[in-house]
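Printed here is structure.cif (mmCIF, C-alpha atoms):
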```cif
data_work
loop_
_atom_site.label_atom_id
_atom_site.label_comp_id
_atom_site.auth_asym_id
_atom_site.auth_seq_id
_atom_site.Cartn_x
_atom_site.Cartn_y
_atom_site.Cartn_z
CA PRO A 1 39.60 18.10 15.52
CA ARG A 2 38.06 16.62 18.60
CA PRO A 3 34.65 15.00 18.17
CA ARG A 4 31.67 17.02 19.18
CA PRO A 5 30.19 16.19 22.57
CA PRO A 6 26.86 14.31 22.47
CA ALA A 7 23.77 16.44 22.53
CA PRO A 8 22.08 16.73 25.92
CA PRO A 9 19.05 14.48 26.36
CA LEU A 10 15.67 16.01 25.71
CA PRO A 11 13.25 16.63 28.56
CA PHE A 12 10.54 14.04 29.09
CA ILE A 13 7.79 15.99 27.31
CA ALA A 14 10.05 16.83 24.36
CA ALA A 15 11.25 13.22 24.09
CA LEU A 16 7.64 12.01 24.13
CA GLY A 17 6.74 14.48 21.39
CA ALA A 18 9.73 13.43 19.29
CA TRP A 19 8.73 9.78 19.65
CA ALA A 20 5.15 10.57 18.60
CA VAL A 21 6.31 12.57 15.58
CA GLY A 22 8.59 9.70 14.56
CA ARG A 23 5.71 7.19 14.79
CA LEU A 24 3.49 9.47 12.71
CA ARG A 25 6.17 9.73 10.04
CA VAL A 26 6.52 5.94 9.95
CA ALA A 27 2.75 5.59 9.62
CA ARG A 28 2.69 8.19 6.83
CA ASP A 29 5.42 6.36 4.94
CA GLY A 30 3.59 3.06 5.40
CA LEU A 31 0.36 4.51 4.04
CA GLY A 32 2.27 5.94 1.10
CA PHE A 33 3.75 2.52 0.37
CA LEU A 34 0.30 0.90 0.51
CA GLY A 35 -1.17 3.53 -1.79
CA GLU A 36 1.64 3.21 -4.29
CA ALA A 37 1.35 -0.59 -4.30
CA LEU A 38 -2.42 -0.36 -4.80
CA VAL A 39 -2.15 2.11 -7.68
CA LEU A 40 0.51 0.05 -9.42
CA SER A 41 -1.54 -3.12 -8.92
CA LEU A 42 -4.47 -1.50 -10.70
CA ALA A 43 -2.13 -0.38 -13.46
CA VAL A 44 -0.85 -3.93 -13.88
CA LEU A 45 -4.44 -5.17 -14.17
CA ARG A 46 -4.93 -2.75 -17.07
CA HIS A 47 -1.54 -3.56 -18.63
CA PRO A 48 -0.51 -7.11 -17.61
CA ARG A 49 2.72 -6.89 -19.60
CA ARG A 50 4.16 -4.63 -16.90
CA LEU A 51 4.31 -7.61 -14.56
CA ARG A 52 7.58 -9.54 -14.77
CA ILE A 53 6.45 -13.16 -15.11
CA GLY A 54 9.98 -14.53 -14.71
CA ASP A 55 10.41 -12.84 -11.33
CA LEU A 56 6.95 -13.99 -10.25
CA LEU A 57 7.73 -17.63 -11.07
CA ARG A 58 11.05 -17.40 -9.23
CA HIS A 59 9.38 -16.03 -6.11
CA LEU A 60 6.65 -18.68 -6.31
CA ASP A 61 9.35 -21.35 -6.37
CA GLU A 62 11.32 -19.83 -3.49
CA ALA A 63 8.35 -19.01 -1.26
CA GLY A 64 6.16 -22.00 -2.06
CA LEU A 65 7.81 -25.07 -3.54
CA ARG A 66 10.94 -24.93 -1.39
CA ALA A 67 8.81 -24.55 1.75
CA PHE A 68 6.85 -27.76 1.13
CA PRO A 69 9.16 -30.13 3.11
CA LEU A 70 9.19 -27.89 6.19
CA THR A 71 5.41 -27.40 5.98
CA LEU A 72 4.74 -31.14 5.72
CA LEU A 73 7.07 -31.88 8.64
CA LEU A 74 5.56 -29.24 10.94
CA GLY A 75 2.01 -30.16 9.93
CA THR A 76 2.53 -33.82 10.74
CA LEU A 77 4.10 -32.98 14.10
CA ILE A 78 1.27 -30.58 14.96
CA GLY A 79 -1.33 -33.23 14.12
CA VAL A 80 0.45 -35.81 16.26
CA ILE A 81 0.77 -33.40 19.20
CA LEU A 82 -2.86 -32.27 19.02
CA ALA A 83 -4.10 -35.87 18.83
CA PHE A 84 -2.02 -36.96 21.82
CA GLN A 85 -2.99 -33.98 23.96
CA SER A 86 -6.66 -34.27 23.02
CA SER A 87 -6.63 -37.99 23.77
CA ALA A 88 -5.21 -37.42 27.23
CA SER A 89 -8.00 -34.93 28.03
CA LEU A 90 -10.98 -36.58 26.30
CA ARG A 91 -10.25 -40.08 27.58
CA THR A 92 -11.56 -38.99 30.98
CA PHE A 93 -15.01 -38.34 29.48
CA GLY A 94 -14.97 -41.26 27.05
CA ALA A 95 -15.00 -38.84 24.10
CA GLU A 96 -11.87 -39.90 22.20
CA ILE A 97 -14.05 -40.48 19.16
CA TYR A 98 -14.29 -36.69 18.71
CA ILE A 99 -10.53 -36.19 18.37
CA PRO A 100 -10.70 -36.07 14.52
CA ALA A 101 -13.39 -33.40 14.65
CA LEU A 102 -11.45 -31.33 17.18
CA VAL A 103 -8.14 -31.54 15.34
CA GLY A 104 -9.70 -31.06 11.90
CA VAL A 105 -11.64 -27.91 12.81
CA THR A 106 -8.70 -26.48 14.78
CA LEU A 107 -6.30 -27.00 11.88
CA THR A 108 -8.53 -25.70 9.11
CA ARG A 109 -9.78 -22.61 10.95
CA GLU A 110 -6.86 -21.47 13.10
CA LEU A 111 -3.64 -23.42 13.40
CA GLY A 112 -3.16 -24.22 9.72
CA PRO A 113 -3.17 -20.59 8.50
CA LEU A 114 -1.26 -19.36 11.57
CA ILE A 115 1.59 -21.87 11.38
CA ALA A 116 1.84 -21.45 7.62
CA ALA A 117 2.04 -17.68 8.19
CA VAL A 118 4.86 -18.16 10.71
CA ILE A 119 6.73 -20.30 8.17
CA LEU A 120 6.22 -17.72 5.42
CA SER A 121 7.27 -14.87 7.71
CA GLY A 122 10.40 -16.65 8.91
CA ARG A 123 11.51 -17.89 5.50
CA THR A 124 10.13 -15.53 2.89
CA GLY A 125 9.45 -12.29 4.76
CA SER A 126 12.99 -12.15 6.09
CA ALA A 127 14.39 -13.08 2.68
CA TYR A 128 12.44 -10.27 1.00
CA ALA A 129 13.65 -7.77 3.60
CA ALA A 130 17.28 -8.92 3.33
CA GLU A 131 17.29 -8.91 -0.47
CA LEU A 132 15.66 -5.50 -0.85
CA GLY A 133 17.63 -4.14 2.08
CA THR A 134 20.89 -5.14 0.40
CA MET A 135 19.74 -3.44 -2.79
CA THR A 136 18.88 -0.32 -0.79
CA VAL A 137 22.25 -0.26 0.99
CA ASN A 138 24.07 -0.72 -2.33
CA GLU A 139 21.98 2.14 -3.82
CA GLU A 140 20.54 -0.14 -6.49
CA VAL A 141 17.01 1.03 -5.68
CA ASP A 142 18.10 4.65 -6.16
CA ALA A 143 19.66 3.66 -9.47
CA LEU A 144 16.33 2.22 -10.61
CA ARG A 145 14.58 5.49 -9.78
CA VAL A 146 17.24 7.46 -11.66
CA MET A 147 16.65 5.29 -14.73
CA GLY A 148 12.92 5.97 -14.54
CA ILE A 149 11.95 2.47 -13.32
CA GLU A 150 9.50 2.32 -10.43
CA PRO A 151 10.99 0.02 -7.73
CA VAL A 152 7.57 -0.96 -6.39
CA ALA A 153 6.40 -2.19 -9.80
CA MET A 154 9.61 -4.08 -10.50
CA LEU A 155 10.55 -5.41 -7.06
CA VAL A 156 7.47 -5.40 -4.84
CA LEU A 157 4.50 -6.49 -6.96
CA PRO A 158 5.89 -9.93 -7.96
CA ARG A 159 6.65 -10.64 -4.30
CA LEU A 160 3.20 -9.52 -3.15
CA ILE A 161 1.46 -11.73 -5.70
CA ALA A 162 3.71 -14.68 -4.89
CA GLY A 163 3.06 -14.36 -1.15
CA MET A 164 -0.70 -14.15 -1.67
CA LEU A 165 -0.74 -17.20 -3.97
CA VAL A 166 1.50 -19.55 -2.01
CA MET A 167 -0.12 -19.09 1.41
CA PRO A 168 -3.36 -21.01 0.61
CA VAL A 169 -1.28 -23.84 -0.84
CA LEU A 170 0.94 -23.99 2.25
CA THR A 171 -2.17 -23.94 4.44
CA LEU A 172 -3.70 -26.85 2.53
CA LEU A 173 -0.48 -28.83 2.92
CA MET A 174 -0.40 -27.99 6.61
CA ASN A 175 -4.00 -29.14 7.07
CA LEU A 176 -3.51 -32.35 5.08
CA SER A 177 -0.30 -33.37 6.82
CA GLY A 178 -1.77 -32.55 10.24
CA MET A 179 -4.81 -34.72 9.58
CA LEU A 180 -2.57 -37.55 8.39
CA GLY A 181 -0.55 -37.32 11.60
CA MET A 182 -3.74 -37.28 13.65
CA GLY A 183 -5.09 -40.29 11.70
CA PHE A 184 -1.94 -42.25 12.45
CA ILE A 185 -2.30 -41.58 16.17
CA MET A 186 -5.97 -42.59 16.06
CA TRP A 187 -4.97 -45.81 14.30
CA THR A 188 -2.44 -46.57 17.02
CA LEU A 189 -5.17 -45.97 19.62
CA GLY A 190 -7.33 -48.63 17.98
CA TYR A 191 -9.73 -46.51 15.92
CA PRO A 192 -10.22 -47.54 12.27
CA VAL A 193 -9.53 -45.22 9.38
CA PRO A 194 -13.20 -45.10 8.15
CA LEU A 195 -14.23 -43.73 11.54
CA VAL A 196 -11.67 -40.92 11.28
CA THR A 197 -12.69 -39.99 7.74
CA THR A 198 -16.38 -40.01 8.69
CA GLN A 199 -15.74 -37.63 11.58
CA LEU A 200 -13.74 -35.32 9.34
CA GLN A 201 -16.44 -35.31 6.65
CA GLN A 202 -19.09 -34.53 9.24
CA TRP A 203 -17.33 -31.65 11.01
CA VAL A 204 -14.88 -30.12 8.52
CA THR A 205 -17.16 -28.36 6.05
CA LEU A 206 -16.33 -26.42 2.91
CA GLY A 207 -17.15 -23.17 4.70
CA THR A 208 -14.66 -23.95 7.47
CA LEU A 209 -11.94 -24.72 4.93
CA GLY A 210 -12.80 -21.66 2.84
CA GLY A 211 -12.58 -19.33 5.83
CA GLY A 212 -9.10 -20.61 6.62
CA LEU A 213 -7.94 -20.20 3.03
CA ILE A 214 -9.27 -16.63 2.86
CA LYS A 215 -7.33 -15.78 6.01
CA ALA A 216 -4.25 -17.46 4.56
CA ALA A 217 -4.35 -15.35 1.38
CA VAL A 218 -4.64 -12.14 3.42
CA PHE A 219 -1.82 -13.27 5.71
CA GLY A 220 0.43 -13.95 2.74
CA LEU A 221 -0.23 -10.54 1.20
CA VAL A 222 0.43 -8.73 4.49
CA ILE A 223 3.62 -10.69 5.29
CA ALA A 224 5.05 -10.07 1.83
CA GLY A 225 4.17 -6.38 2.03
CA ILE A 226 5.79 -5.98 5.45
CA GLY A 227 8.95 -7.73 4.25
CA CYS A 228 9.22 -5.56 1.15
CA ARG A 229 8.51 -2.40 3.12
CA ALA A 230 11.19 -3.28 5.69
CA GLY A 231 13.73 -3.87 2.92
CA LEU A 232 12.99 -0.66 1.03
CA SER A 233 13.12 1.43 4.22
CA ALA A 234 16.45 -0.02 5.39
CA GLY A 235 19.15 2.38 6.49
CA ARG A 236 22.64 2.80 5.10
CA GLY A 237 24.80 1.33 7.87
CA PRO A 238 26.27 -2.17 8.19
CA ARG A 239 23.44 -3.28 10.48
CA ALA A 240 20.69 -2.13 8.12
CA VAL A 241 20.07 -5.50 6.46
CA GLY A 242 19.90 -7.37 9.76
CA ASP A 243 17.55 -4.80 11.26
CA ALA A 244 15.32 -4.98 8.18
CA ALA A 245 15.10 -8.79 8.37
CA THR A 246 14.30 -8.64 12.09
CA ALA A 247 11.62 -6.02 11.54
CA ALA A 248 10.09 -8.11 8.75
CA VAL A 249 9.83 -11.27 10.86
CA VAL A 250 8.54 -9.53 13.99
CA GLY A 251 6.13 -7.32 12.06
CA GLY A 252 4.82 -10.23 10.00
CA ILE A 253 4.09 -12.40 13.04
CA VAL A 254 2.48 -9.57 15.01
CA ALA A 255 0.36 -8.49 12.03
CA THR A 256 -0.73 -12.10 11.48
CA VAL A 257 -1.93 -12.47 15.08
CA LEU A 258 -3.76 -9.13 14.95
CA LEU A 259 -5.45 -10.01 11.67
CA ASP A 260 -6.41 -13.42 13.02
CA GLY A 261 -8.15 -11.74 15.93
CA ILE A 262 -10.01 -9.42 13.54
CA PHE A 263 -11.07 -12.38 11.40
CA ALA A 264 -12.25 -14.23 14.52
CA VAL A 265 -14.55 -11.33 15.43
CA LEU A 266 -15.82 -11.02 11.83
CA PHE A 267 -16.51 -14.72 11.52
CA PHE A 268 -18.30 -14.70 14.88
CA ARG A 269 -20.50 -11.78 13.79
CA MET A 270 -21.22 -13.47 10.47
CA ALA A 271 -21.94 -16.81 12.19
CA TRP A 272 -19.37 -18.44 9.89
#
```

Now that the file is in, can you turn its structure into structure tokens?
Amino acid sequence: PRPRPPAPPLPFIAALGAWAVGRLRVARDGLGFLGEALVLSLAVLRHPRRLRIGDLLRHLDEAGLRAFPLTLLLGTLIGVILAFQSSASLRTFGAEIYIPALVGVTLTRELGPLIAAVILSGRTGSAYAAELGTMTVNEEVDALRVMGIEPVAMLVLPRLIAGMLVMPVLTLLMNLSGMLGMGFIMWTLGYPVPLVTTQLQQWVTLGTLGGGLIKAAVFGLVIAGIGCRAGLSAGRGPRAVGDAATAAVVGGIVATVLLDGIFAVLFFRMAW
């Protein structure tokens, strides 16, 4: 038989309504995923044996330990770039001595968590979406449900915990490597190392570092959740895995920037 002709396009108002209904359904499914993950997290707190420690350690290794070289490289380059650019601007006012303070505060409060979140989203978020998307396409997730095993408890919770735990560590590595790169540039400009360390001790406080680490933990949890959600909601076609990975990376980066703006307003209101 001949294929059916394509359906006529909807009028503008009907197409707008269909788009709105589709967005509401996506939001409903996302809220359901968050609620299910929260309920199962509370259940794991009551019964820790339900958490698969082997899977958690594997995800910690893949998301954290294997990302250390890339984090150290990018952190050093960011510190070098910030020091050079700051030197070119502050030399006009004779304020090059404040480069360590500027770079240290910028790294610990903003750039460290943000760049670490981009690394986690590009490496780990896409990997979570691709792995779970492949399982969804191969109907392995449906097989788990048929056997009475909750996919969120088995597949999602270890990844969420791993993402939340590795992000502060990646942020610390990013901050440390960036300050080392900045210190090297200051040394080449003729400033001694004790001067750099004194500036960092004076301006980079424990509260500044703690605020960045809190943001990093939230970023890691959100990026891991978006990656898992994209993988579990993948379609059935050959492009499903690629679309899920793309959605995980884009959604993770956009959510990170939005959360960073919210944290900036909160920290400003709290005078932190």

For this file, the PyMOL selection byres ((chain A and resi 181-193) around 8) selects which residues, as a PDB file with C-alpha atoms, keeping the file's coordinate frame?
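For reference, result_7.pdb as written:
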```
ATOM      1  CA  GLY A  75       2.010 -30.160   9.930  1.00  0.00           C
ATOM      2  CA  THR A  76       2.530 -33.820  10.740  1.00  0.00           C
ATOM      3  CA  LEU A  77       4.100 -32.980  14.100  1.00  0.00           C
ATOM      4  CA  ILE A  78       1.270 -30.580  14.960  1.00  0.00           C
ATOM      5  CA  GLY A  79      -1.330 -33.230  14.120  1.00  0.00           C
ATOM      6  CA  VAL A  80       0.450 -35.810  16.260  1.00  0.00           C
ATOM      7  CA  LEU A  82      -2.860 -32.270  19.020  1.00  0.00           C
ATOM      8  CA  ALA A  83      -4.100 -35.870  18.830  1.00  0.00           C
ATOM      9  CA  PHE A  84      -2.020 -36.960  21.820  1.00  0.00           C
ATOM     10  CA  PRO A 100     -10.700 -36.070  14.520  1.00  0.00           C
ATOM     11  CA  VAL A 103      -8.140 -31.540  15.340  1.00  0.00           C
ATOM     12  CA  SER A 177      -0.300 -33.370   6.820  1.00  0.00           C
ATOM     13  CA  GLY A 178      -1.770 -32.550  10.240  1.00  0.00           C
ATOM     14  CA  MET A 179      -4.810 -34.720   9.580  1.00  0.00           C
ATOM     15  CA  LEU A 180      -2.570 -37.550   8.390  1.00  0.00           C
ATOM     16  CA  PRO A 194     -13.200 -45.100   8.150  1.00  0.00           C
ATOM     17  CA  LEU A 195     -14.230 -43.730  11.540  1.00  0.00           C
ATOM     18  CA  VAL A 196     -11.670 -40.920  11.280  1.00  0.00           C
ATOM     19  CA  THR A 197     -12.690 -39.990   7.740  1.00  0.00           C
TER      20      THR A 197
END
```

(request) List the neighbours of range 224-229 of chain A out to 7 Å using only C-alpha atoms; skip same-chain residues closer than 6 positions along the sequence, and give me the result as a PyMOL selection string. (result) chain A and resi 125-126+128-129+132+156+159-160+163+248+251-252

(request) Quote the spacing between CA of Ala127 in chain A and CA of Gly242 in chain A in Å to one decimal place. (result) 10.6 Å

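Reported to one decimal place, the separation of CA of Leu258 in chain A from CA of Gly235 in chain A is 27.0 Å.
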
(message) Given all atoms listed in the file as the basis, pick out the residue of A:Arg58, A:Arg2, A:Arg49, A:Arg269 nearest to Pro158 in chain A.
(response) A:Arg58

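CA of Leu165 in chain A to CA of Asp142 in chain A spans 28.9 Å [interatomic distance, one decimal].
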
(request) Pick out the closest residue to Thr198 in chain A from this set: A:Ala271, A:Leu24, A:Ala101, A:Ala14. Count all atoms listed in the file. (result) A:Ala101

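Residues in contact with range 260-263 of chain A at up to 9 Å, not including ones fewer than 4 positions away on its chain and judged by all atoms listed in the file, are Glu110, Leu114, Lys215, Phe219, Ala255, Thr256, Phe267 and Phe268 of chain A.
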
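The residues caught by the PyMOL selection byres ((chain A and resi 109) around 7) in this file are Val105, Thr106, Leu107, Thr108, Glu110, Leu111, Gly112, Thr208, Leu209, Gly211 and Gly212 of chain A.
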
(request) Kindly indicate which residue among A:Ala264, A:Val21, A:Ile81, A:Ala67 lies nearest to Thr171 in chain A, using all atoms listed in the file for the distances. (result) A:Ala67

(request) Evaluate the PyMOL selection byres ((chain A and resi 164) around 6) on the structure here and hand back the selected residues as a PyMOL selection string. (result) chain A and resi 161-163+165-167+217+220-221

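Near Gln199 in chain A, within 10 Å and counting all atoms listed in the file, sit A:Ile97, A:Tyr98, A:Ile99, A:Pro100, A:Ala101, A:Leu102, A:Gly104, not including residues fewer than 6 positions from it in the same chain.
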
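The environment of Thr136 in chain A within 10 Å, counting only C-alpha atoms and disregarding residues fewer than 6 places along the same chain, consists of A:Ala130, A:Asp142, A:Ala143, A:Gly231, A:Leu232, A:Ser233, A:Ala234, A:Gly235, A:Arg236, A:Ala240, A:Val241.
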
Let me have the centre and edge lengths of the axis-aligned box enclosing all listed atoms of range 145-156 of chain A with 8 Å padding on every side, in Å to one decimal, as JSON.
```
{"center_x": 11.8, "center_y": 1.0, "center_z": -9.8, "size_x": 26.8, "size_y": 28.9, "size_z": 25.9}
```

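Within the 9 Å cut-off around Leu170 in chain A, using only C-alpha atoms and omitting residues fewer than 3 positions from it on the same chain, the listed residues are A:Gly64, A:Ala67, A:Phe68, A:Thr71, A:Leu72, A:Gly112, A:Pro113, A:Ala116, A:Ala117, A:Leu120, A:Val166, A:Met167, A:Leu173, A:Met174, A:Asn175, A:Ala216.
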
(message) Counting all atoms listed in the file, which residue out of A:Glu62, A:Arg50, A:Thr92, A:Gly210 sits closest to Ile149 in chain A?
(response) A:Arg50

Kindly output range 169-183 of chain A as a short mmCIF file (atom, residue, chain, number, x, y, z; two decimals), keeping the file's coordinate frame, after building N, CA and C atoms.
```cif
data_model
loop_
_atom_site.label_atom_id
_atom_site.label_comp_id
_atom_site.auth_asym_id
_atom_site.auth_seq_id
_atom_site.Cartn_x
_atom_site.Cartn_y
_atom_site.Cartn_z
N VAL A 169 -1.84 -22.53 -0.55
CA VAL A 169 -1.28 -23.84 -0.84
C VAL A 169 -0.54 -24.39 0.38
N LEU A 170 0.26 -23.56 1.04
CA LEU A 170 0.94 -23.99 2.25
C LEU A 170 -0.05 -24.36 3.35
N THR A 171 -1.15 -23.62 3.44
CA THR A 171 -2.17 -23.94 4.44
C THR A 171 -2.82 -25.28 4.15
N LEU A 172 -3.12 -25.55 2.88
CA LEU A 172 -3.70 -26.85 2.53
C LEU A 172 -2.74 -27.99 2.87
N LEU A 173 -1.46 -27.80 2.56
CA LEU A 173 -0.48 -28.83 2.92
C LEU A 173 -0.39 -29.01 4.43
N MET A 174 -0.43 -27.91 5.15
CA MET A 174 -0.40 -27.99 6.61
C MET A 174 -1.61 -28.75 7.14
N ASN A 175 -2.80 -28.45 6.63
CA ASN A 175 -4.00 -29.14 7.07
C ASN A 175 -3.95 -30.63 6.73
N LEU A 176 -3.54 -30.95 5.51
CA LEU A 176 -3.51 -32.35 5.08
C LEU A 176 -2.51 -33.16 5.90
N SER A 177 -1.31 -32.64 6.06
CA SER A 177 -0.30 -33.37 6.82
C SER A 177 -0.69 -33.50 8.29
N GLY A 178 -1.31 -32.45 8.86
CA GLY A 178 -1.77 -32.55 10.24
C GLY A 178 -2.85 -33.60 10.43
N MET A 179 -3.78 -33.69 9.49
CA MET A 179 -4.81 -34.72 9.58
C MET A 179 -4.24 -36.12 9.39
N LEU A 180 -3.23 -36.25 8.54
CA LEU A 180 -2.57 -37.55 8.39
C LEU A 180 -1.87 -37.96 9.68
N GLY A 181 -1.18 -37.01 10.32
CA GLY A 181 -0.55 -37.32 11.60
C GLY A 181 -1.57 -37.69 12.66
N MET A 182 -2.69 -36.96 12.70
CA MET A 182 -3.74 -37.28 13.65
C MET A 182 -4.35 -38.65 13.35
N GLY A 183 -4.55 -38.99 12.06
CA GLY A 183 -5.09 -40.29 11.70
C GLY A 183 -4.18 -41.43 12.11
#
```
